[in-house]
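J.: The structure's right below; bear with me while I get my questions together.
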Amino acid sequence: MATLFSTHPPLAKRLQIILHLAHADMDAITAHIAKGQKTRSRQETSEAGPRIMAQRDDQWLGPFTLLQLQTLEWLRPETRLKIAGRQETFAAQEIPALSYFFEIKDDSVWKIRRMCPACHEWLLPQEYEGLYVWRCAYCGGILAQKGKLPRIFVREEKGFTEKVQRTASLIRKESKLKHPHFNITLETPGRRHCPKCGKAMRHKFYSYAFHVEIDECPECGIIWFDADELEILQCLIEMEAD
C-alpha cells in the first residue's frame with residue numbers, strides 16, 4: 001500500500017521512467033518487495049501484483065493490475081478504485097503510476113491503437129531497449145516492427161531471468177539437431193490477425209538460425225511475440241555472439 005500512495009509525485013515519475021527503462025512495472029516491484037523473491041518474468045509478476053477494483057456506473061469491475069487499468073478507455077483521474085477485498089476507496093489519480101499515466105496518455109505514441117492478437121485487449125506502448133513497442137498487460141506479449149528489431153538486438157543492455165536463459169539454452173540445443181532447410185512455417189489451427197492491418201499472420205520460426213516461434217504479418221512486417229519470446233530471442237542472439 002505504501003508504494004501506491006506516495007506523497008512525492010516527482011519522485012514517482014522518476015521511478016516510473018526508471019521502471020520503463022528496466023522493462024518492469026509497479027506490479028513487479030510491489031510483488032518483489034512483498035515476497036522478497038528474485039525477479040521473475042513480467043507475466044508472472046503481473047499476476048502477483050496488487051489487485052484493484054474499479055467503479056463504473058455504480059458497479060465494481062475487476063480485479064485489475066495497475067497496467068491493466070491503463071487499458072481501460074473509461075478510466076479517468078476521478079474514477080474510484082479500491083484494493084480487492086477492502087472497502088476503502090480512492091481516486092485513480094492518487095496512485096502515482098496512474099497519475100503519471102494520465103499526464104502522458106495524450107502523447108502521440110498513445111494515439112496509435114493496437115489490439116492484442118492473442119487476448120484482444122488494448123496494447124500499451126512501452127519503451128524497450130530505447131524503442132517503443134506495444135505490450136499486452138494481460139498476456140505479457142509484445143508487438144514490434146520487424147525493421148526495428150536489429151536496433152534492439154545490438155544494445156545488449158538487458159539482463160535475463162533464469163527461466164529465459166534456460167529456455168534459450170534448450171532451444172539452442174534443439175536447433176543444432178534440425179536440418180538447416182526444415183520448414184520454417186508452422187501449422188496452427190487458428191491464425192492470429194495483424195493488429196495493424198487485420199490480415200492473417202504467419203506462425204513461424206523467427207529464422208533458420210533462431211527457432212523462436214513468432215507470428216509475423218507478411219503485409220506490414222509487424223511481429224507478435226508471446227510472453228518472454230522476445231527476451232528468449234535476444235538471449236539466443238547474445239549466446240551466438242559470445
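In the C-alpha cells, the first chain shown is A, the next is B, and so on; residue numbers restart at 1 for each chain, and ligands run from 1 in the order shown.
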Would you mind listing what lies within 12 Å of Leu149 of chain A as a count of residues only, with only C-alpha atoms counted and same-chain residues fewer than 6 positions away left out?
T.: 20
J.: Which residues come within 8 Å of segment 178-187 of chain A, counting only C-alpha atoms, excluding same-chain residues fewer than 2 positions away, as a PyMOL selection string?
T.: chain A and resi 174-176+189+202-205+207-208
J.: Give the answer as one residue: which of A:Glu73, A:Thr79, A:Leu67, A:Ala200 has the shortest atom-to-atom distance to Ala54 of chain A, using only C-alpha atoms?
T.: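 Ranking A:Glu73, A:Thr79, A:Leu67, A:Ala200 by distance to Ala54 of chain A, first place goes to A:Thr79.
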J.: Out of A:Ile152, A:Cys235, A:Trp122, A:Pro117, which residue has the shortest atom-to-atom distance to Arg191 of chain A when counting only C-alpha atoms?
T.: A:Pro117
J.: Compile the contact shell of Gly141 of chain A as an MDAnalysis selection string: residues with an atom at most 12 Å away, counting only C-alpha atoms, same-chain residues fewer than 6 positions apart removed.
T.: chainID A and resid 41:43 115:126 133:135 214:215 223:231
J.: Give me a file of those residues, with N, CA and C atoms, as a tab-separated table (two decimals), in the first residue's frame.
T.:
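Writing done, so here's selection-v1.tsv:
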chain	number	residue	atom	x	y	z
A	41	SER	N	9.58	-13.29	-14.48
A	41	SER	CA	9.18	-12.76	-15.77
A	41	SER	C	8.04	-11.77	-15.58
A	42	ARG	N	7.81	-10.91	-16.58
A	42	ARG	CA	6.76	-9.90	-16.48
A	42	ARG	C	5.40	-10.53	-16.28
A	43	GLN	N	5.11	-11.62	-16.98
A	43	GLN	CA	3.81	-12.24	-16.87
A	43	GLN	C	3.59	-12.77	-15.46
A	115	MET	N	-4.49	-3.69	-30.91
A	115	MET	CA	-5.19	-4.66	-30.07
A	115	MET	C	-4.42	-5.98	-30.06
A	116	CYS	N	-4.32	-6.59	-28.90
A	116	CYS	CA	-3.59	-7.84	-28.73
A	116	CYS	C	-4.19	-8.93	-29.63
A	117	PRO	N	-3.38	-9.56	-30.47
A	117	PRO	CA	-3.90	-10.62	-31.34
A	117	PRO	C	-4.19	-11.91	-30.59
A	118	ALA	N	-3.73	-12.01	-29.34
A	118	ALA	CA	-3.94	-13.23	-28.56
A	118	ALA	C	-5.17	-13.14	-27.68
A	119	CYS	N	-5.32	-12.04	-26.92
A	119	CYS	CA	-6.45	-11.94	-26.00
A	119	CYS	C	-7.38	-10.76	-26.29
A	120	HIS	N	-7.10	-10.01	-27.36
A	120	HIS	CA	-7.99	-8.95	-27.85
A	120	HIS	C	-8.25	-7.85	-26.83
A	121	GLU	N	-7.20	-7.48	-26.10
A	121	GLU	CA	-7.23	-6.32	-25.21
A	121	GLU	C	-6.33	-5.24	-25.81
A	122	TRP	N	-6.55	-3.98	-25.42
A	122	TRP	CA	-5.72	-2.90	-25.94
A	122	TRP	C	-4.28	-3.04	-25.45
A	123	LEU	N	-3.34	-2.81	-26.36
A	123	LEU	CA	-1.92	-2.88	-26.03
A	123	LEU	C	-1.45	-1.53	-25.49
A	124	LEU	N	-0.42	-1.58	-24.66
A	124	LEU	CA	0.15	-0.36	-24.08
A	124	LEU	C	1.51	-0.08	-24.72
A	125	PRO	N	1.76	1.14	-25.19
A	125	PRO	CA	3.10	1.47	-25.69
A	125	PRO	C	4.08	1.56	-24.54
A	126	GLN	N	5.22	0.91	-24.69
A	126	GLN	CA	6.25	0.95	-23.65
A	126	GLN	C	7.63	1.03	-24.30
A	133	VAL	N	7.63	-0.29	-28.18
A	133	VAL	CA	6.92	-1.50	-28.60
A	133	VAL	C	5.55	-1.43	-27.95
A	134	TRP	N	4.67	-2.36	-28.31
A	134	TRP	CA	3.35	-2.43	-27.68
A	134	TRP	C	3.26	-3.71	-26.88
A	135	ARG	N	2.85	-3.60	-25.63
A	135	ARG	CA	2.81	-4.74	-24.74
A	135	ARG	C	1.39	-4.98	-24.24
A	214	ILE	N	7.12	-17.18	-33.59
A	214	ILE	CA	6.56	-15.84	-33.64
A	214	ILE	C	5.35	-15.85	-34.57
A	215	ASP	N	4.62	-14.74	-34.57
A	215	ASP	CA	3.55	-14.51	-35.55
A	215	ASP	C	3.93	-13.25	-36.32
A	223	ILE	N	5.68	-8.02	-35.99
A	223	ILE	CA	5.88	-9.33	-35.38
A	223	ILE	C	5.27	-9.34	-33.97
A	224	TRP	N	4.55	-10.42	-33.68
A	224	TRP	CA	4.00	-10.62	-32.34
A	224	TRP	C	4.80	-11.69	-31.62
A	225	PHE	N	5.27	-11.34	-30.43
A	225	PHE	CA	5.98	-12.27	-29.56
A	225	PHE	C	5.10	-12.58	-28.37
A	226	ASP	N	4.83	-13.86	-28.11
A	226	ASP	CA	4.15	-14.22	-26.87
A	226	ASP	C	5.07	-13.91	-25.69
A	227	ALA	N	4.53	-14.02	-24.48
A	227	ALA	CA	5.29	-13.67	-23.27
A	227	ALA	C	6.67	-14.32	-23.27
A	228	ASP	N	7.70	-13.52	-23.05
A	228	ASP	CA	9.11	-13.93	-22.92
A	228	ASP	C	9.79	-14.26	-24.26
A	229	GLU	N	9.04	-14.37	-25.36
A	229	GLU	CA	9.66	-14.81	-26.62
A	229	GLU	C	10.69	-13.81	-27.15
A	230	LEU	N	10.43	-12.51	-27.02
A	230	LEU	CA	11.40	-11.52	-27.49
A	230	LEU	C	12.68	-11.61	-26.66
A	231	GLU	N	12.54	-11.76	-25.35
A	231	GLU	CA	13.72	-11.87	-24.50
A	231	GLU	C	14.50	-13.16	-24.80
J.: Find the residues around segment 90-92 of chain A up to 10 Å (only C-alpha atoms counted), leave out those fewer than 4 positions away in its own chain, and share them as a list in words.
T.: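 Selected residues are Phe5, Ala54, Leu69, Leu75, Arg76, Pro77, Glu78, Thr79, Arg80, Leu81, Lys82, Ile83, Pro96, Ala97, Leu98, Ser99 and Phe102 of chain A.
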J.: With only C-alpha atoms as the basis for distance, which of A:His211, A:Lys146, A:Gly85, A:Leu72 is at the shortest distance from Ile52 of chain A?
T.: A:Gly85
J.: Got a sec to tell me which of segment 62-146 of chain A DSSP assigns to strand (DSSP E or B), as a list of chain:residue names?
T.: A:Gly62, A:Pro63, A:Phe64, A:Arg80, A:Leu81, A:Lys82, A:Ile83, A:Phe90, A:Ala91, A:Met115, A:Trp122, A:Leu124, A:Pro125, A:Gln126, A:Glu127, A:Tyr128, A:Leu131, A:Tyr132, A:Val133, A:Trp134, A:Arg135, A:Ile142, A:Leu143, A:Ala144, A:Gln145
J.: Between atom CA of Arg166 of chain A and atom CA of Cys139 of chain A, what is the distance, to one decimal in Å?
T.: 20.6 Å
J.: So how far away is atom CA of Cys217 of chain A from atom CA of Asp106 of chain A, in Å?
T.: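 If I compute the distance from atom CA of Asp106 of chain A to atom CA of Cys217 of chain A, I get 28.0 Å.
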J.: Please compute the atom CA of Arg192 of chain A-atom CA of Trp74 of chain A distance, one decimal, in Å.
T.: 26.9 Å
